[in-house]
Structure formats: structure tokens, C-alpha cells
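Notes to accompany the following structure.
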Amino acid sequence: MMNFQSDTPAAESEPAGAIASQLRQWPIQLHLISSEAPYYQGADVVLAADCVAYAVGDFHRDHLKDKSLAIACPKLDSQQQVYQQKIKAWLEDAKINTLTVMIMQVPCCMGLINLAQQAAAESSRKVPIKSLVVGIKGEILQEEWL
Amino acid sequence: MDKYLNQGIKDVIQAFPALESILAEYDIGCGPCNVGTCLLKDIVEIHRLPPEKEQALMARIESTICPGRENQVQSPAPTTAAPAAPKERIRTYSPPMKMLVDEHLLIKRWLARIPDVVNALSAGPEKGRQLVGAGVDMIRSYADKFHHGKEEDILFKYFDDTSEIFTVIYEDHRQARQHVQAILTGLETSDHPAIGEYLTAYGALLTEHIKKEDEILFPWLDEQLTTSQVGELYTKFKAADSQSGVDPEKYQAFVDGLESQFIDMGVAK
């Protein structure tokens, strides 16, 4: 357990006014989405671990803008073989342009990267896959093309 | 100082020869460059040194060019909008850039065998001519059409390819094609010394050229590409490969054959 309340930046440094959402689809949970939905066709897809959007302060602006999204938790979600098939369908059927997998720095989150890599290995079509590892204070710790 | 920051590196090194070794200390190998028209300020920027190293380098450049002004040094302002690298970012090529770097590996294996092919030409002209012919086929089909084609027709079009760094790369490609033309002329006229001379020059040129691309140009371009552009490039590269009519396995086999012939014979180490 960690408490870094005192490290939170002062409110004065935040931009004034409402911040527009960059989300352009619904649903977003990986069990609920259809891989062949129109918003995945040829898209740059972000597959984010559930906690990521809470940790990264500028998630919408820096990572979601102009992207399509799905979220999942590799630690708690069940039936993850379905996830693997859905990711494979993104590559083969929706012919996505890129896949960016965003995970937290905690070890259990690596499962989401593994799922994406296994799906890519099984897929007949390859696309660039990038991994971003997020620290618990929202910083990008690692960014790497897989 | 500003005057020199905006001058081609070859001219600056000619005026201040000590700069060549200073730049080399920071892994900036401009000395052997055939073209040398990159501006000094762009060279410092494109190498993306850590701020403290860049400051130290600029101080040494300043003290060489304008002795006594070491403390007035300012690093050149960045001229591109490339974002600063995140902390502890792992340097990996994007998949399309990795395709080009992987192709370089095969080309470098061929370049490493050029001295053996030149020796073979001296020892037995008929066999040597066959090897040179096959090597020229690899240069024209694989290195130029298959590989440089993707760079010139696709990748470089994502950038302002009239800037100095691209001028240098295009000039390397042009000189390489000139060398190949001279080798073909040598084959037609049976001028074996000329073949050896131009093949050796080609090897030296391409070795330096690949180093520039792998270590400097491609990482710099990767920093500027968006994720979406990386995906586009990858798709375009795959399409270009399948439409090229070039079979990479043929050239893999050619290089494998050269290596088994010369390395296994103990000609090369």
C-alpha cells in the first residue's frame, strides 16, 4: 500500500475549464467489444490495463486522441483466451494499423503484453505493436516497439 | 560562432581540423563522410546527446573556433518539434525501421566479402567476373531497388527530404549508383583493376552510409514519426516488398555462398 497524496501537483497548475473526452466509441471493455466494430477498422488501437487511465493524468489527450480503445485487467478478468482471439481478430479481420498496449508497472500487468504477443504470433497478419509501461504516479517508465 | 553553426561540417572541419577528433569523442563520425554538407548546428541536434554532454561538446567546439569564449556557449535551439525522450526509454527501432536495419545486415555481410571478391578477380578473372556480376545483381536488385527504393520512395517522403541530412543520404545513393555503373563498364571492357577499384570504393561508401543510417538517421526519424505513421509505413513497406519482384532469399543464398566459400577456405577471418 502506498500513499503519495502529498506529491499530487497543485490544482493551480491544471488547465481551466472542462477537458473534452477523446473517447469515440462504446463499449470499451474487451469482453464487451466486437473486434470487427467499425471504429476498429484500420484503426490505431490502444489496449489499456484498467488502472492506466486513472494513473495517467493526460490519458485522453496524450494516448486516446484519434485512437480506438479497449480495456482489460490481466490479473482479475476471467476467460482470457477470449481476449487473445479478439486481439487476433483485430489484426486479421479489422486490419488495425497499430496496437499500443499500455500497462502498469506492477508485474501482473505483463500478462496483457503476453496476450497481445501470443495473439500476434498466431496471426497471419502482422502490425506494429508498442508497449508503454506506466508508473503508479502516472509517468511513462518505458516505451518500446515489440 | 553563429556563422560556423550554419556552415557545412566539411568546411568547418577543414577550417578547424581539431573538431574532427572532438566530434569523434562524442561518437559523431563526420570526418569520413563523403558529402559533409550537414550544418554543424544540425549535427549537434540530430545526435540527441544528453543535455550535459551537448553543453560540454558545444563548449569544446566554441573553444576551438573562438578561443576565450568558452563561457558564452549556448546550445543551438532545437529546430524540430521532436519531443524529448522519456526517462529510461529503451531505444528500439520501430518495425518499419527495423525492416531497413535488418536489410542492412545482409548488405553488410556482402560488403565484408568485397575484398575477397576483388582478390578472386585478380587470381582468376573468369570466376572473379562471375562473382562480381552476381554481386552487382545484389547491389542493383536488393540494395538499391528493394532497400533504397523503400527509403527514397516511401520513408523519406514523410519528412522534408530537401534538408541537409537527406541531401547527404541521397548523395550517397547517387555515388553508389555511379560506382555500380563504373563496375559494369569495367566488366564490359574487362578492365579488372577498375572493377576492383570501384567495388572497393562502393564497399567503403556503403559501410559508412549504413552506419549513418543505423546510428543517426533512423533513430532520429523514429523519434519524429507518430504511432499511426509507423503503422502506415509498415503496411507500405510490406506492399512495396511484395510488388518489387525481388526475392530476398536469392541474395541471402548468394551471401551464404560467399561466406562458405571464403570464410570456410580460411581466406577471410
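Going through the C-alpha cells in order, the chains are called A, B, and so on, while each chain numbers its residues from 1 and the ligands are numbered from 1 in the order shown.
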Considering only C-alpha atoms, return as a tab-separated table (two decimals) with all heavy atoms, in the first residue's frame whatever protein or nucleic-acid residues lie within 10 Å of B:Phe16, sequence-local ones (same chain, fewer than 3 positions apart) excluded.
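This is the output file part.tsv:
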```
chain	number	residue	atom	x	y	z
B	10	LYS	N	31.93	19.75	-43.33
B	10	LYS	CA	33.22	19.51	-44.00
B	10	LYS	C	34.04	20.80	-44.04
B	10	LYS	O	35.25	20.80	-43.80
B	10	LYS	CB	32.98	18.98	-45.42
B	10	LYS	CG	34.13	18.15	-45.95
B	10	LYS	CD	33.69	17.26	-47.08
B	10	LYS	CE	34.71	16.15	-47.30
B	10	LYS	NZ	34.18	15.07	-48.11
B	11	ASP	N	33.36	21.91	-44.35
B	11	ASP	CA	34.05	23.21	-44.40
B	11	ASP	C	34.55	23.61	-43.02
B	11	ASP	O	35.65	24.15	-42.87
B	11	ASP	CB	33.10	24.29	-44.93
B	11	ASP	CG	32.74	24.05	-46.39
B	11	ASP	OD1	33.50	23.33	-47.07
B	11	ASP	OD2	31.69	24.56	-46.83
B	12	VAL	N	33.72	23.33	-42.00
B	12	VAL	CA	34.11	23.72	-40.64
B	12	VAL	C	35.33	22.90	-40.19
B	12	VAL	O	36.28	23.43	-39.61
B	12	VAL	CB	32.94	23.54	-39.65
B	12	VAL	CG1	33.35	23.98	-38.24
B	12	VAL	CG2	31.72	24.34	-40.09
B	13	ILE	N	35.30	21.59	-40.51
B	13	ILE	CA	36.44	20.74	-40.12
B	13	ILE	C	37.69	21.14	-40.89
B	13	ILE	O	38.80	21.12	-40.34
B	13	ILE	CB	36.09	19.24	-40.34
B	13	ILE	CG1	35.09	18.78	-39.27
B	13	ILE	CG2	37.35	18.38	-40.29
B	13	ILE	CD1	34.62	17.34	-39.42
B	19	LEU	N	38.38	19.75	-34.73
B	19	LEU	CA	36.97	19.42	-34.46
B	19	LEU	C	36.65	17.97	-34.79
B	19	LEU	O	35.79	17.36	-34.17
B	19	LEU	CB	36.05	20.33	-35.27
B	19	LEU	CG	35.89	21.76	-34.75
B	19	LEU	CD1	34.91	22.53	-35.64
B	19	LEU	CD2	35.38	21.75	-33.31
B	20	GLU	N	37.34	17.41	-35.79
B	20	GLU	CA	37.03	16.04	-36.21
B	20	GLU	C	37.20	15.08	-35.03
B	20	GLU	O	36.32	14.25	-34.76
B	20	GLU	CB	37.92	15.61	-37.38
B	20	GLU	CG	37.59	14.21	-37.85
B	20	GLU	CD	38.35	13.80	-39.12
B	20	GLU	OE1	38.93	14.69	-39.78
B	20	GLU	OE2	38.36	12.60	-39.42
B	61	ILE	N	33.61	22.91	-28.86
B	61	ILE	CA	33.56	23.46	-30.22
B	61	ILE	C	33.84	24.96	-30.18
B	61	ILE	O	34.63	25.49	-30.96
B	61	ILE	CB	32.18	23.16	-30.87
B	61	ILE	CG1	32.01	21.67	-31.13
B	61	ILE	CG2	32.01	23.95	-32.17
B	61	ILE	CD1	30.61	21.26	-31.58
B	64	THR	N	37.39	25.80	-29.59
B	64	THR	CA	38.24	25.54	-30.77
B	64	THR	C	38.07	26.64	-31.82
B	64	THR	O	39.04	27.11	-32.41
B	64	THR	CB	37.87	24.16	-31.38
B	64	THR	OG1	37.96	23.18	-30.35
B	64	THR	CG2	38.79	23.80	-32.53
B	65	ILE	N	36.81	27.03	-32.02
B	65	ILE	CA	36.54	28.01	-33.08
B	65	ILE	C	36.81	29.44	-32.60
B	65	ILE	O	37.38	30.25	-33.34
B	65	ILE	CB	35.07	27.86	-33.55
B	65	ILE	CG1	34.89	26.51	-34.26
B	65	ILE	CG2	34.67	29.00	-34.49
B	65	ILE	CD1	33.47	26.20	-34.69
```
Output the contact residues of chain A with respect to chain B at a cut-off of 7 Å, based on only C-alpha atoms, as a list in words.
->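 Therefore, the residues near the partner are Asp44, Asn97, Thr98, Val127, Pro128, Leu141, Gln142, Glu143, Glu144 and Trp145 of chain A.
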For atom CA of A:Cys109 and atom CA of A:Trp26, determine how far apart the two atoms are, in Å to one decimal place.
-> 23.5 Å
Pick out the residues sitting within 9 Å of B:Arg109, and hand them over as JSON, numbers by chain; count only C-alpha atoms, and ignore anything fewer than 5 positions along from it in its own chain.
-> {"B": [104, 255, 256, 259]}
I need the residues from that last selection saved to file as a PDB file, in the first residue's frame (with C-alpha atoms), if you can.
```pdb
ATOM      1  CA  HIS B 104      21.415  -3.611 -43.819  1.00  0.00           C
ATOM      2  CA  VAL B 255      25.868 -14.138 -49.322  1.00  0.00           C
ATOM      3  CA  ASP B 256      25.717 -17.518 -47.558  1.00  0.00           C
ATOM      4  CA  GLU B 259      30.814 -16.790 -46.768  1.00  0.00           C
TER       5      GLU B 259
END
```
Pick out the residues sitting within 12 Å of B:Pro193, and hand them over as a PDB file with N, CA, C and O atoms, in the first residue's frame; count only C-alpha atoms, and ignore anything fewer than 6 positions along from it in its own chain.
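This went into out_26.pdb:
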```
ATOM      1  N   VAL B 118      37.376  -9.117 -54.804  1.00  0.00           N
ATOM      2  CA  VAL B 118      38.408  -8.377 -55.557  1.00  0.00           C
ATOM      3  C   VAL B 118      39.658  -9.252 -55.708  1.00  0.00           C
ATOM      4  O   VAL B 118      40.263  -9.307 -56.793  1.00  0.00           O
ATOM      5  N   ASN B 119      40.032  -9.948 -54.642  1.00  0.00           N
ATOM      6  CA  ASN B 119      41.186 -10.848 -54.729  1.00  0.00           C
ATOM      7  C   ASN B 119      40.930 -11.973 -55.721  1.00  0.00           C
ATOM      8  O   ASN B 119      41.819 -12.363 -56.484  1.00  0.00           O
ATOM      9  N   LEU B 121      39.116 -11.859 -58.289  1.00  0.00           N
ATOM     10  CA  LEU B 121      39.182 -11.297 -59.644  1.00  0.00           C
ATOM     11  C   LEU B 121      40.633 -11.250 -60.124  1.00  0.00           C
ATOM     12  O   LEU B 121      40.919 -11.506 -61.294  1.00  0.00           O
ATOM     13  N   SER B 122      41.536 -10.960 -59.201  1.00  0.00           N
ATOM     14  CA  SER B 122      42.956 -10.922 -59.569  1.00  0.00           C
ATOM     15  C   SER B 122      43.488 -12.331 -59.803  1.00  0.00           C
ATOM     16  O   SER B 122      44.292 -12.575 -60.717  1.00  0.00           O
ATOM     17  N   PRO B 125      40.376 -14.455 -63.338  1.00  0.00           N
ATOM     18  CA  PRO B 125      39.421 -13.477 -63.873  1.00  0.00           C
ATOM     19  C   PRO B 125      38.037 -14.055 -64.173  1.00  0.00           C
ATOM     20  O   PRO B 125      37.039 -13.411 -63.897  1.00  0.00           O
ATOM     21  N   GLY B 128      36.216 -14.709 -60.966  1.00  0.00           N
ATOM     22  CA  GLY B 128      36.062 -13.401 -60.318  1.00  0.00           C
ATOM     23  C   GLY B 128      34.973 -12.579 -60.983  1.00  0.00           C
ATOM     24  O   GLY B 128      34.167 -11.943 -60.313  1.00  0.00           O
ATOM     25  N   ARG B 129      34.927 -12.622 -62.311  1.00  0.00           N
ATOM     26  CA  ARG B 129      33.908 -11.855 -63.052  1.00  0.00           C
ATOM     27  C   ARG B 129      32.504 -12.358 -62.716  1.00  0.00           C
ATOM     28  O   ARG B 129      31.565 -11.566 -62.616  1.00  0.00           O
ATOM     29  N   ALA B 182      30.267   2.243 -63.067  1.00  0.00           N
ATOM     30  CA  ALA B 182      31.689   2.105 -63.417  1.00  0.00           C
ATOM     31  C   ALA B 182      32.114   0.633 -63.368  1.00  0.00           C
ATOM     32  O   ALA B 182      32.926   0.179 -64.194  1.00  0.00           O
ATOM     33  N   ILE B 183      31.554  -0.131 -62.413  1.00  0.00           N
ATOM     34  CA  ILE B 183      31.879  -1.567 -62.331  1.00  0.00           C
ATOM     35  C   ILE B 183      31.358  -2.280 -63.572  1.00  0.00           C
ATOM     36  O   ILE B 183      32.051  -3.121 -64.181  1.00  0.00           O
ATOM     37  N   THR B 185      30.829  -0.999 -66.509  1.00  0.00           N
ATOM     38  CA  THR B 185      31.686  -0.611 -67.634  1.00  0.00           C
ATOM     39  C   THR B 185      32.973  -1.428 -67.600  1.00  0.00           C
ATOM     40  O   THR B 185      33.451  -1.917 -68.629  1.00  0.00           O
ATOM     41  N   GLY B 186      33.517  -1.604 -66.391  1.00  0.00           N
ATOM     42  CA  GLY B 186      34.734  -2.407 -66.232  1.00  0.00           C
ATOM     43  C   GLY B 186      34.523  -3.845 -66.671  1.00  0.00           C
ATOM     44  O   GLY B 186      35.415  -4.460 -67.276  1.00  0.00           O
ATOM     45  N   LEU B 187      33.330  -4.371 -66.362  1.00  0.00           N
ATOM     46  CA  LEU B 187      33.032  -5.756 -66.790  1.00  0.00           C
ATOM     47  C   LEU B 187      32.960  -5.841 -68.313  1.00  0.00           C
ATOM     48  O   LEU B 187      33.458  -6.799 -68.920  1.00  0.00           O
ATOM     49  N   LEU B 199      34.612  -1.345 -56.949  1.00  0.00           N
ATOM     50  CA  LEU B 199      33.925  -2.227 -55.995  1.00  0.00           C
ATOM     51  C   LEU B 199      34.391  -1.918 -54.567  1.00  0.00           C
ATOM     52  O   LEU B 199      33.590  -1.861 -53.629  1.00  0.00           O
ATOM     53  N   THR B 200      35.683  -1.695 -54.427  1.00  0.00           N
ATOM     54  CA  THR B 200      36.224  -1.330 -53.114  1.00  0.00           C
ATOM     55  C   THR B 200      35.664   0.011 -52.650  1.00  0.00           C
ATOM     56  O   THR B 200      35.287   0.175 -51.481  1.00  0.00           O
TER      57      THR B 200
END
```
Suppose you want the space between atom CA of B:Glu164 and atom CA of B:Leu39; what is it in Å?
-> 7.2 Å
Just give me the gap between atom CA of B:Ala24 and atom CA of B:Leu57 in Å, one decimal is fine.
->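 Pair atom CA of B:Ala24 / atom CA of B:Leu57 returns 10.7 Å.
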Have a look at B:Arg48, B:Lys108, B:Lys212, B:Arg140 and name the one nearest to B:His179; count only C-alpha atoms.
->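 Of the candidates, the smallest distance to B:His179 is held by B:Arg140.
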Skipping near chain neighbours, those fewer than 3 positions away, what residues fall within 7 Å of stretch 100-106 of chain A using only C-alpha atoms, listed as a PyMOL selection string?
-> chain A and resi 45-49+52+109+113+129-136
Pick from B:Ile195, B:Tyr202, B:Phe237, B:Trp110, whichever lies nearest to B:Glu152 using only C-alpha atoms | B:Phe237
